[in-house]
Number of protein chains: 4
Amino acid sequence: MAIEGRKERHGGRIRLGMVGGGNDAFIGGVHRIASRLDDKYVLIAGALSSTPEKAQESGEALGLAPDRTYDDFKKMAIREARLKDGIEAVSIVTPNHVHYAAAREFLKRGIHVICDKPLTSTLADAKKLVKLADKSDALFILTHNYTGYPMIRQARDMIMADDIGKIRVVQVEYPQDWLTVHQDFKQAEWRTDPARSGAGGSTGDIGTHAFNLASFVTNLELESLSADLQSFVEGRQVDDNAHVMLRFQGGARGMLWSSQVAPGNENALRLRIYGEKGGLEWSQEDPNYLWHTPFEEPKRLITRQGAGAGASAERMSRIPPGHPEGYLEGFANIYGEAAAAILAARNGDPCPEEVLYPTVEDGLKGVQFIDACVRSSARDAAWVKFA
Amino acid sequence: MAIEGRKERHGGRIRLGMVGGGNDAFIGGVHRIASRLDDKYVLIAGALSSTPEKAQESGEALGLAPDRTYDDFKKMAIREARLKDGIEAVSIVTPNHVHYAAAREFLKRGIHVICDKPLTSTLADAKKLVKLADKSDALFILTHNYTGYPMIRQARDMIMADDIGKIRVVQVEYPQDWLTVHQDFKQAEWRTDPARSGAGGSTGDIGTHAFNLASFVTNLELESLSADLQSFVEGRQVDDNAHVMLRFQGGARGMLWSSQVAPGNENALRLRIYGEKGGLEWSQEDPNYLWHTPFEEPKRLITRQGAGAGASAERMSRIPPGHPEGYLEGFANIYGEAAAAILAARNGDPCPEEVLYPTVEDGLKGVQFIDACVRSSARDAAWVKFA
Amino acid sequence: MAIEGRKERHGGRIRLGMVGGGNDAFIGGVHRIASRLDDKYVLIAGALSSTPEKAQESGEALGLAPDRTYDDFKKMAIREARLKDGIEAVSIVTPNHVHYAAAREFLKRGIHVICDKPLTSTLADAKKLVKLADKSDALFILTHNYTGYPMIRQARDMIMADDIGKIRVVQVEYPQDWLTVHQDFKQAEWRTDPARSGAGGSTGDIGTHAFNLASFVTNLELESLSADLQSFVEGRQVDDNAHVMLRFQGGARGMLWSSQVAPGNENALRLRIYGEKGGLEWSQEDPNYLWHTPFEEPKRLITRQGAGAGASAERMSRIPPGHPEGYLEGFANIYGEAAAAILAARNGDPCPEEVLYPTVEDGLKGVQFIDACVRSSARDAAWVKFA
Amino acid sequence: MAIEGRKERHGGRIRLGMVGGGNDAFIGGVHRIASRLDDKYVLIAGALSSTPEKAQESGEALGLAPDRTYDDFKKMAIREARLKDGIEAVSIVTPNHVHYAAAREFLKRGIHVICDKPLTSTLADAKKLVKLADKSDALFILTHNYTGYPMIRQARDMIMADDIGKIRVVQVEYPQDWLTVHQDFKQAEWRTDPARSGAGGSTGDIGTHAFNLASFVTNLELESLSADLQSFVEGRQVDDNAHVMLRFQGGARGMLWSSQVAPGNENALRLRIYGEKGGLEWSQEDPNYLWHTPFEEPKRLITRQGAGAGASAERMSRIPPGHPEGYLEGFANIYGEAAAAILAARNGDPCPEEVLYPTVEDGLKGVQFIDACVRSSARDAAWVKFA
């Protein structure tokens with residue numbers, strides 16, 4: 001058990017801006033906490049809303065200087081890029097359909113982008129964004145935050161170390177229940193509007209997380225999928241439940257279930273992976289535990305920073321085992337990885353080898369996943385080649 | 001909490017025979033314990049093996065009279081049917097491919113049949129058996145034993161009482177790990193031989209249980225399925241992992257996963273059902289618990305005979321909550337239901353209304369399920385109409 | 001995973017009688033199921049009630065011959081001892097205050113006694129019974145049934161094999177909730193009457209189980225205890241909650257909590273043992289699991305007959321891991337051990353070394369435990385030397 | 001489910017200093033994260049170590065200005081009190097024996113004190129500190145951080161609302177395993193040195209947390225206790241395992257177990273409370289859940305911000321249910337309560353009614369608890385009146 005303190009080093013915080021995340025947003029606040037947790041960022045500018053009054057109010061509430069409070073992300077990008085102490089990075093936390101346009105403005109001015117998922121609301125935008133990001137000197141970090149959980153890193157390392165052998169079966173599911181009935185509050189409203197959210201409902205909002213997580217941990221590439229999407233709630237324009245069968249390159253098979261209509265499931269992302277020598281099981285709602293089930297040996301419960309946990313899990317942890325870290329810490333770990341990459345870039349150093357974050361290419365895969373699900377389902381769940 | 005004793009009534013035990021279940025069998029011993037638990041049967045005859053010496057040894061070990069020990073089920077059926085104190089019922093616990101021929105001999109002589117699952121090793125046999133059973137005066141009980149668990153009865157009752165509303169999603173899975181590698185001991189050997197086990201591997205051995213359980217609890221009828229079957233272990237002739245998407249009549253959707261290659265899963269049959277008003281979750285390895293998750297209310301954990309458990313769960317229980325009952329008790333409950341039906345038949349009474357057991361028709365559906373999985377998978381997981 | 005059948009051998013069943021256990025009893029039915037499960041006993045006589053009519057009705061319900069149905073255990077002992085096919089063993093399942101007198105009649109006639117716990121309702125009776133049993137040729141088996149659980153045997157073996165090192169701390173608890181309010185049904189009524197139950201309430205009914213289990217698993221001898229007993233429900237004459245601190249010979253310390261007024265606890269017997277090298281944790285309500293927590297290694301979950309489980313657990317098991325066995329199977333294991341000992345005695349053989357059951361001396365310790373608790377509590381929880 | 005954003009208001013952050021918490025400390029880093037999480041504090045000064053070089057290095061690492069980096073808390077208190085933008089509050093995170101002297105310097109200069117637990121290393125110091133705090137205009141907040149968990153607030157509210165009726169039994173335990181063997185790294189070293197830690201070992205380091213938590217949730221006042229303390233590891237000068245029986249005013253009884261030698265227990269603080277109408281159960285390692293067990297109703301699992309959770313739990317939460325919050329968030333909640341109180345004081349407003357934090361009086365009770373445990377154990381676990 002590591003109980004000694006971790007080295008902190010807070011000089012030279014990264015100057016951060018934010019697009020979206022005004023007063024009544026959800027994920028904006030999460031990004032701000034995540035950026036603050038390890039004191040590697042300082043939020044100094046924002047286009048928190050496209051409604052001028054709300055933008056101003058929100059900026060004031062966050063203690064931003066009035067002249068760093070914008071009501072237009074383009075204006076913000078232009079001005080901040082010129083300022084001597086302008087932002088070095090921007091967090092984009094708007095509804096999905098704004099991601100592309102906003103990211104473009106910052107990327108082309110060399111400002112690093114930390115963007116919420118899914119990457120974009122359309123496949124076309126996603127492809128353009130990949131090109132933009134590739135051309136830009138700036139970094140692009142996608143907050144598939146669940147990849148920041150220490151035990152997810154642990155699982156990935158164990159698979160790379162061949163601890164469970166060649167993978168055969170991947171079971172990933174992400175059920176929620178908050179859309180069991182029609183909801184019309186803000187978060188529900190845009191997430192069920194294809195114009196703002198994209199063609200995927202549960203597939204886009206949470207299925208992409210599930211798919212990304214499975215890919216991240218296993219390092220498997222999806223070959224094709226067969227998807228049966230459903231909108232159970234009357235009048236809903238996007239899927240609220242998705243059953244997907246997966247075939248990976250190399251022969252592994254999988255199932256993915258995402259649902260927003262499964263009462264009793266709050267945010268029950270769960271990943272189970274079985275190989276020729278053993279299995280791994282992890283649940284987001286109890287994230288400090290990882291089951292390792294070597295074939296013909298007793299099940300082992302590995303805990304964050306506990307016995308059996310390795311270097312990656314430790315690098316992603318702040319406090320000893322038994323002191324639970326949660327969603328915000330996992331999210332902050334993505335911000336931590338981003339900070340390491342950004343600081344390296346600032347100093348002209350190569351990004352440290354161990355630093356790992358979801359990229360714009362991962363984002364494209366996520367949008368391709370949504371697209372493939374929708375296309376497959378439209379063809380009665382025919383197999384659709386992936387990417 | 002019911003801690004008072006249950007009424008027992010042991011007079012007039014049912015005279016039982018057994019086909020299969022010799023010395024080195026597994027499920028035969030389970031059937032014997034199940035028949036004995038509530039003292040409603042007495043085992044008096046057996047064709048425990050088709051090898052004469054082994055049949056004799058096995059009969060002796062069980063204390064059967066030498067003249068009631070047979071090495072041929074047909075001889076047994078003929079003779080027992082003629083005896084004044086001949087068997088009233090027979091348990092068939094052979095490998096699958098023998099079920100049909102054995103059942104036929106007893107059914108046509110009016111001897112009740114209690115048969116292990118799946119019903120038969122071929123669809124043709126299954127259909128013939130249904131006809132035979134329909135024509136016979138004898139009863140046919142299929143030991144889909146998981147339907148005997150008290151909390152499964154509880155779940156079924158709650159669904160019939162509309163406690164979770166119209167069903168939308170059914171998630172059922174049955175992973176095991178014992179065939180993760182090639183195995184050649186007896187139980188593994190015949191179960192992976194299509195000639196004796198049938199065309200299904202995991203689908204036949206455990207997928208049928210999963211399908212039967214989901215059908216039993218929900219009362220939904222399957223409309224079509226799409227199955228992706230795999231044999232991961234080299235040389236294996238039947239599936240050892242199956243991913244199946246389900247569409248039920250009335251619009252509910254489901255996923256079914258059966259696997260024998262998922263390390264760390266011993267016998268992890270698990271059923272989750274979500275409706276418009278709530279959900280139900282049950283796991284076979286911890287069978288005394290049932291989660292009820294009404295939408296927007298706290299989750300409730302109902303325990304066998306505990307608060308919230310109803311009459312069916314109580315009828316299927318022997319001891320108070322907190323005193324765990326398990327697999328054998330659940331199996332014995334099927335024998336209990338069979339006994340109630342057989343005793344009613346003996347007395348010329350109608351079968352009591354509350355008595356419920358898997359029938360030959362359920363068995364046919366199970367074989368149709370296997371057949372549909374195999375056909376769908378052969379056509380690249382195309383949707384196959386069920387039945 | 002052992003999935004092959006176990007050898008059964010049913011010839012020469014032990015002829016069994018029963019004292020107590022009439023129609024409305026609880027534990028009598030449990031004993032009968034336990035005796036029947038492995039087909040090693042046949043119940044042929046009973047003094048099931050001291051009320052003649054009820055005795056007769058109860059005997060008839062169980063299918064006993066009228067001339068083997070008694071309304072007086074002494075008459076039964078006298079007559080059965082004389083019969084050529086008289087009972088070889090008797091199960092005593094009356095309220096506690098009858099144990100001594102009943103056991104005496106059978107022991108002195110050489111009939112083996114299987115007796116429910118606690119041994120007697122008074123310490124004086126317990127001491128006399130030890131002497132009687134010592135003098136008798138008959139065996140005395142006390143049904144501290146929880147010692148029959150496979151994973152309890154596993155835990156005991158691991159401690160004897162020094163897997164967790166020298167024991168330091170024992171935490172054992174047995175909370176229930178059924179006496180949270182005043183109850184006056186039969187089971188509650190005699191259990192809260194000191195004349196029939198003895199001086200202990202929760203200490204006698206369940207505390208003795210907890211104490212016995214901790215002693216059985218650890219092989220530690222209690223040195224002294226300090227007990228704080230309470231009767232929370234108004235008018236209750238015996239304790240319904242007990243807090244006890246334990247000091248074992250050799251330096252280990254422990255805590256024991258028994259309660260019948262802890263809402264939400266059905267039968268939550270739980271044992272946790274910590275040594276210099278590791279820990280073991282077991283819970284009766286989920287009895288097929290044993291946690292082994294070696295210091296500075298990942299926690300391991302050992303399952304009944306699963307990887308890591310040893311010979312004793314296997315000897316106490318009937319079916320493969322993942323197929324849960326429960327309370328009745330654990331109880332039946334005590335009957336199985338008793339049968340092994342009785343059959344050895346019948347044949348003049350020594351009792352097989354691996355056979356293990358709670359003895360009359362264990363029963364005396366249980367009554368001494370109750371007595372010590374009551375005395376300590378009367379002296380404001382002063383330390384009381386044990387035995 | 002509340003998924004909308006929470007109002008943030010970051011203007012006028014509280015100017016914070018820190019005593020202790022240099023480079024290799026543990027709890028200092030925790031306090032810093034906790035202060036940062038909700039952006040209500042800004043750390044601007046520190047006497048992070050009494051070793052000048054280390055103080056300077058540590059300050060630099062945290063980005064403190066050199067002239068606000070001190071190597072002596074007294075100098076810091078004097079200077080900061082004079083500065084126009086001097087600190088308004090100080091976090092004291094030194095080993096226990098320094099708490100008193102450090103707190104004194106700040107309290108007498110009107111600087112609010114946020115102090116780690118236990119309050120002091122001696123009872124005399126604790127009593128003096130209470131007097132000092134009472135005389136001071138400054139606030140004193142003790143970081144019994146576990147009282148900051150949302151579900152702990154929920155439990156407290158439910159008890160105040162009489163949801164479980166009059167309390168009868170309190171079971172609280174806090175086992176760890178990190179001192180199972182002799183350890184000599186820094187955190188272990190001072191914690192097992194009575195001169196720096198105080199007379200209590202496990203009782204002081206974690207037993208006080210357990211006692212405080214039980215008191216906070218139940219609102220019960222301890223009347224007397226009986227403690228059996230032990231040092232299992234050879235040469236250890238303070239207890240590493242403590243068994244304590246509790247008697248509360250009004251008749252409730254309790255048990256408290258603290259241990260640092262229980263392998264497999266990382267930080268397993270657990271609280272169970274049983275009243276006349278129901279029970280509540282909570283475990284720190286899975287802090288987002290609260291079991292409510294109303295008598296004769298199904299168990300209910302209440303989740304943070306989920307159905308059944310009330311206003312206090314919501315006030316202490318940042319993100320929706322299913323998105324786990326953990327130890328740092330709970331700790332941050334104490335900083336949040338402190339901030340609310342400090343800001344009210346800054347503005348001359350009364351402290352908002354709902355604000356709740358552990359006080360210096362609670363700290364005194366904690367030291368009295370340690371003292372009573374040590375005294376009782378020295379007298380062979382005699383009952384010792386509390387306070």
# chains A, B, ... in the order shown; residues from 1 in each chain; ligands from 1
>>> closest_atom_pairs(of="stretch 225-292 of chain C", to="stretch 303-310 of chain C", cutoff="12 Å", atoms="only C-alpha atoms", output="CSV")
residue,atom,partner,partner_atom,distance
C:Trp282,CA,C:Thr303,CA,11.0
C:Asp286,CA,C:Thr303,CA,10.5
C:Pro287,CA,C:Arg304,CA,8.6
C:Asn288,CA,C:Arg304,CA,5.2
C:Tyr289,CA,C:Thr303,CA,4.7
C:Leu290,CA,C:Thr303,CA,6.3
C:Trp291,CA,C:Thr303,CA,8.7
C:His292,CA,C:Gly308,CA,9.9
>>> write_last_selection(atoms="C-alpha atoms", output="short mmCIF file (atom, residue, chain, number, x, y, z; two decimals), in the first residue's frame")
data_model
loop_
_atom_site.label_atom_id
_atom_site.label_comp_id
_atom_site.auth_asym_id
_atom_site.auth_seq_id
_atom_site.Cartn_x
_atom_site.Cartn_y
_atom_site.Cartn_z
CA TRP C 282 -17.11 -16.44 5.25
CA ASP C 286 -23.61 -16.97 0.71
CA PRO C 287 -21.96 -20.16 1.85
CA ASN C 288 -20.32 -21.36 -1.34
CA TYR C 289 -17.67 -18.64 -1.18
CA LEU C 290 -14.61 -18.24 1.00
CA TRP C 291 -12.42 -15.17 0.84
CA HIS C 292 -8.76 -15.76 1.42
#
>>> residues_around(residues="stretch 236-245 of chain B", least_positions_apart="3", cutoff="9 Å", atoms="only C-alpha atoms", output="ChimeraX atom specification")
/A:169,228,243-245,253-255 /B:175,179-180,182,191-194,198-203,207,224-233,253-262,373-374,381,383
>>> write_last_selection(atoms="C-alpha atoms", output="compact mmCIF listing (two decimals), in the first residue's frame")
# COMPACT_ATOMS: atom_id res chain seq x y z
CA VAL A 169 -14.95 -13.03 -26.08
CA ASP A 228 -30.54 -4.19 -33.66
CA HIS A 243 -28.14 -4.81 -29.19
CA VAL A 244 -24.93 -5.24 -31.15
CA MET A 245 -22.89 -8.30 -32.07
CA ARG A 253 -16.33 -12.05 -30.87
CA GLY A 254 -18.29 -9.67 -28.74
CA MET A 255 -21.61 -8.35 -27.66
CA PRO B 175 -21.45 -18.43 -19.17
CA LEU B 179 -14.56 -26.18 -21.71
CA THR B 180 -12.02 -23.34 -21.97
CA HIS B 182 -10.04 -29.34 -24.69
CA ARG B 191 -21.50 -33.10 -24.59
CA THR B 192 -19.17 -32.04 -27.41
CA ASP B 193 -20.12 -34.90 -29.71
CA PRO B 194 -22.93 -33.83 -32.06
CA GLY B 198 -27.13 -32.76 -30.90
CA ALA B 199 -26.15 -29.95 -33.19
CA GLY B 200 -25.81 -27.43 -30.40
CA GLY B 201 -22.86 -27.24 -28.05
CA SER B 202 -23.20 -24.45 -25.54
CA THR B 203 -26.52 -23.61 -27.15
CA GLY B 207 -28.38 -22.01 -24.04
CA SER B 224 -37.05 -14.65 -34.50
CA LEU B 225 -33.39 -14.77 -33.63
CA SER B 226 -29.99 -13.95 -35.08
CA ALA B 227 -27.14 -16.11 -33.81
CA ASP B 228 -23.38 -15.91 -34.11
CA LEU B 229 -21.97 -19.25 -32.95
CA GLN B 230 -18.34 -20.04 -32.52
CA SER B 231 -16.13 -22.97 -31.63
CA PHE B 232 -13.09 -21.43 -30.05
CA VAL B 233 -11.33 -24.58 -28.97
CA ARG B 253 -35.96 -7.42 -27.70
CA GLY B 254 -33.31 -9.54 -26.09
CA MET B 255 -29.78 -10.79 -26.03
CA LEU B 256 -28.67 -14.24 -25.05
CA TRP B 257 -25.10 -15.27 -24.43
CA SER B 258 -24.06 -18.82 -23.70
CA SER B 259 -20.45 -19.78 -23.30
CA GLN B 260 -18.36 -22.63 -22.02
CA VAL B 261 -15.10 -20.78 -22.51
CA ALA B 262 -15.46 -17.80 -20.17
CA CYS B 373 -29.32 -20.86 -33.66
CA VAL B 374 -27.46 -23.34 -35.81
CA ALA B 381 -26.44 -14.69 -38.35
CA TRP B 383 -32.71 -13.59 -38.74
>>> select_by_dssp(residues="stretch 73-234 of chain C", states="strand (DSSP E)", output="list in words")
Ala89, Val90, Ser91, Ile92, His112, Val113, Ile114, Cys115, Phe140, Ile141, Leu142, Ile167, Arg168, Val169, Val170, Gln171, Val172, Glu173, Tyr174, Pro175, Leu222, Glu223, Ser224, Leu225, Ser226, Ala227, Asp228, Leu229 and Gln230 of chain C
>>> write_last_selection(atoms="C-alpha atoms", output="PDB file, in the first residue's frame")
ATOM      1  CA  ALA C  89     -29.930 -43.939  16.086  1.00  0.00           C
ATOM      2  CA  VAL C  90     -32.311 -41.267  17.257  1.00  0.00           C
ATOM      3  CA  SER C  91     -32.606 -37.618  16.349  1.00  0.00           C
ATOM      4  CA  ILE C  92     -33.628 -35.405  19.257  1.00  0.00           C
ATOM      5  CA  HIS C 112     -26.751 -43.420  18.986  1.00  0.00           C
ATOM      6  CA  VAL C 113     -27.980 -39.887  19.567  1.00  0.00           C
ATOM      7  CA  ILE C 114     -28.083 -37.059  17.046  1.00  0.00           C
ATOM      8  CA  CYS C 115     -29.170 -34.050  19.080  1.00  0.00           C
ATOM      9  CA  PHE C 140     -23.377 -38.593  20.437  1.00  0.00           C
ATOM     10  CA  ILE C 141     -23.539 -36.120  17.577  1.00  0.00           C
ATOM     11  CA  LEU C 142     -24.578 -32.512  18.110  1.00  0.00           C
ATOM     12  CA  ILE C 167      -4.325 -16.220  14.522  1.00  0.00           C
ATOM     13  CA  ARG C 168      -4.649 -12.795  16.091  1.00  0.00           C
ATOM     14  CA  VAL C 169      -8.231 -11.683  15.657  1.00  0.00           C
ATOM     15  CA  VAL C 170     -11.538 -13.528  15.403  1.00  0.00           C
ATOM     16  CA  GLN C 171     -14.670 -11.606  14.448  1.00  0.00           C
ATOM     17  CA  VAL C 172     -17.835 -13.611  14.527  1.00  0.00           C
ATOM     18  CA  GLU C 173     -21.372 -12.343  14.380  1.00  0.00           C
ATOM     19  CA  TYR C 174     -24.811 -13.815  14.089  1.00  0.00           C
ATOM     20  CA  PRO C 175     -27.486 -11.175  13.662  1.00  0.00           C
ATOM     21  CA  LEU C 222     -11.510 -19.764  24.749  1.00  0.00           C
ATOM     22  CA  GLU C 223      -9.838 -18.471  27.906  1.00  0.00           C
ATOM     23  CA  SER C 224     -12.259 -15.829  29.107  1.00  0.00           C
ATOM     24  CA  LEU C 225     -15.014 -13.569  27.963  1.00  0.00           C
ATOM     25  CA  SER C 226     -16.719 -10.305  28.796  1.00  0.00           C
ATOM     26  CA  ALA C 227     -20.375 -10.065  27.818  1.00  0.00           C
ATOM     27  CA  ASP C 228     -22.857  -7.240  27.666  1.00  0.00           C
ATOM     28  CA  LEU C 229     -26.328  -8.758  27.220  1.00  0.00           C
ATOM     29  CA  GLN C 230     -29.474  -6.877  26.618  1.00  0.00           C
TER      30      GLN C 230
END
>>> interface_residues(of="chain C", to="chain D", cutoff="7 Å", atoms="only C-alpha atoms", output="list in words")
Thr180, His243, Met255, Ala262, Pro263, Gly264, Tyr274, Glu276, Gly278, Gly279, Thr293, Pro294, Phe295 and Lys299 of chain C
>>> residues_around(residues="stretch 355-359 of chain D", least_positions_apart="5", cutoff="12 Å", atoms="only C-alpha atoms", output="PyMOL selection string")
chain D and resi 113-119+126+129-130+133-134+139-149+153+156+209+212-213+215-217+312+315-316+330-344+350+364-366
>>> write_last_selection(atoms="C-alpha atoms", output="PDB file, in the first residue's frame")
ATOM      1  CA  VAL D 113      -8.282  26.602  11.431  1.00  0.00           C
ATOM      2  CA  ILE D 114      -9.013  23.469   9.439  1.00  0.00           C
ATOM      3  CA  CYS D 115      -7.243  20.737  11.361  1.00  0.00           C
ATOM      4  CA  ASP D 116      -6.658  17.083  10.712  1.00  0.00           C
ATOM      5  CA  LYS D 117      -7.739  14.514  13.267  1.00  0.00           C
ATOM      6  CA  PRO D 118      -7.305  13.455  15.984  1.00  0.00           C
ATOM      7  CA  LEU D 119      -7.512  16.876  17.555  1.00  0.00           C
ATOM      8  CA  ALA D 126      -7.390  18.936  23.570  1.00  0.00           C
ATOM      9  CA  LEU D 129      -7.608  23.851  22.473  1.00  0.00           C
ATOM     10  CA  VAL D 130     -11.335  23.815  23.096  1.00  0.00           C
ATOM     11  CA  ALA D 133     -11.230  27.948  20.070  1.00  0.00           C
ATOM     12  CA  ASP D 134     -14.145  29.085  22.202  1.00  0.00           C
ATOM     13  CA  LEU D 139     -13.697  28.997  13.279  1.00  0.00           C
ATOM     14  CA  PHE D 140     -12.293  25.572  13.985  1.00  0.00           C
ATOM     15  CA  ILE D 141     -13.084  22.746  11.598  1.00  0.00           C
ATOM     16  CA  LEU D 142     -11.846  19.220  12.250  1.00  0.00           C
ATOM     17  CA  THR D 143     -11.505  17.049   9.149  1.00  0.00           C
ATOM     18  CA  HIS D 144     -13.320  13.945  10.236  1.00  0.00           C
ATOM     19  CA  ASN D 145     -13.753  13.635   6.531  1.00  0.00           C
ATOM     20  CA  TYR D 146     -16.017  10.588   6.559  1.00  0.00           C
ATOM     21  CA  THR D 147     -18.844  12.797   7.803  1.00  0.00           C
ATOM     22  CA  GLY D 148     -18.659  14.477   4.413  1.00  0.00           C
ATOM     23  CA  TYR D 149     -19.896  11.476   2.474  1.00  0.00           C
ATOM     24  CA  ARG D 153     -25.596  12.681   5.563  1.00  0.00           C
ATOM     25  CA  ARG D 156     -28.129  10.930   9.588  1.00  0.00           C
ATOM     26  CA  HIS D 209     -12.977   8.210  12.915  1.00  0.00           C
ATOM     27  CA  ASN D 212     -16.968  10.146  15.391  1.00  0.00           C
ATOM     28  CA  LEU D 213     -18.898   8.720  12.465  1.00  0.00           C
ATOM     29  CA  SER D 215     -21.836   9.669  16.861  1.00  0.00           C
ATOM     30  CA  PHE D 216     -22.437  11.952  13.911  1.00  0.00           C
ATOM     31  CA  VAL D 217     -24.931   9.679  12.242  1.00  0.00           C
ATOM     32  CA  SER D 312     -28.526  16.564   2.227  1.00  0.00           C
ATOM     33  CA  ARG D 315     -26.199  19.044  -1.429  1.00  0.00           C
ATOM     34  CA  MET D 316     -23.056  16.949  -0.889  1.00  0.00           C
ATOM     35  CA  GLY D 330     -16.195  13.403   0.702  1.00  0.00           C
ATOM     36  CA  PHE D 331     -13.151  15.215   2.028  1.00  0.00           C
ATOM     37  CA  ALA D 332     -13.893  18.139  -0.253  1.00  0.00           C
ATOM     38  CA  ASN D 333     -17.367  18.301   1.226  1.00  0.00           C
ATOM     39  CA  ILE D 334     -15.860  19.128   4.607  1.00  0.00           C
ATOM     40  CA  TYR D 335     -13.866  21.861   2.906  1.00  0.00           C
ATOM     41  CA  GLY D 336     -17.095  22.955   1.266  1.00  0.00           C
ATOM     42  CA  GLU D 337     -18.883  23.203   4.593  1.00  0.00           C
ATOM     43  CA  ALA D 338     -15.912  25.040   6.042  1.00  0.00           C
ATOM     44  CA  ALA D 339     -15.971  27.439   3.092  1.00  0.00           C
ATOM     45  CA  ALA D 340     -19.648  28.154   3.614  1.00  0.00           C
ATOM     46  CA  ALA D 341     -19.007  28.909   7.259  1.00  0.00           C
ATOM     47  CA  ILE D 342     -15.926  31.003   6.559  1.00  0.00           C
ATOM     48  CA  LEU D 343     -17.618  33.004   3.819  1.00  0.00           C
ATOM     49  CA  ALA D 344     -20.566  33.649   6.083  1.00  0.00           C
ATOM     50  CA  PRO D 350     -24.827  33.728  10.298  1.00  0.00           C
ATOM     51  CA  LEU D 364     -12.201  16.716  22.230  1.00  0.00           C
ATOM     52  CA  LYS D 365     -14.638  13.817  22.289  1.00  0.00           C
ATOM     53  CA  GLY D 366     -12.326  11.919  19.980  1.00  0.00           C
TER      54      GLY D 366
END
>>> select_by_dssp(residues="stretch 37-180 of chain B", states="helix (DSSP H, G or I)", output="number ranges by chain")
B: 37, 52-61, 66-68, 73-82, 96-107, 123-135, 145-148, 150-160
>>> residues_around(residues="stretch 44-61 of chain B", least_positions_apart="6", cutoff="8 Å", atoms="only C-alpha atoms", output="MDAnalysis selection string")
(chainID B and resid 15:23 68:73 76 87) or (chainID C and resid 8:11)
>>> closest_residue(among="A:Lys74, A:Arg32, A:Arg13, A:Arg196", to="A:Leu328", atoms="only C-alpha atoms")
A:Arg32
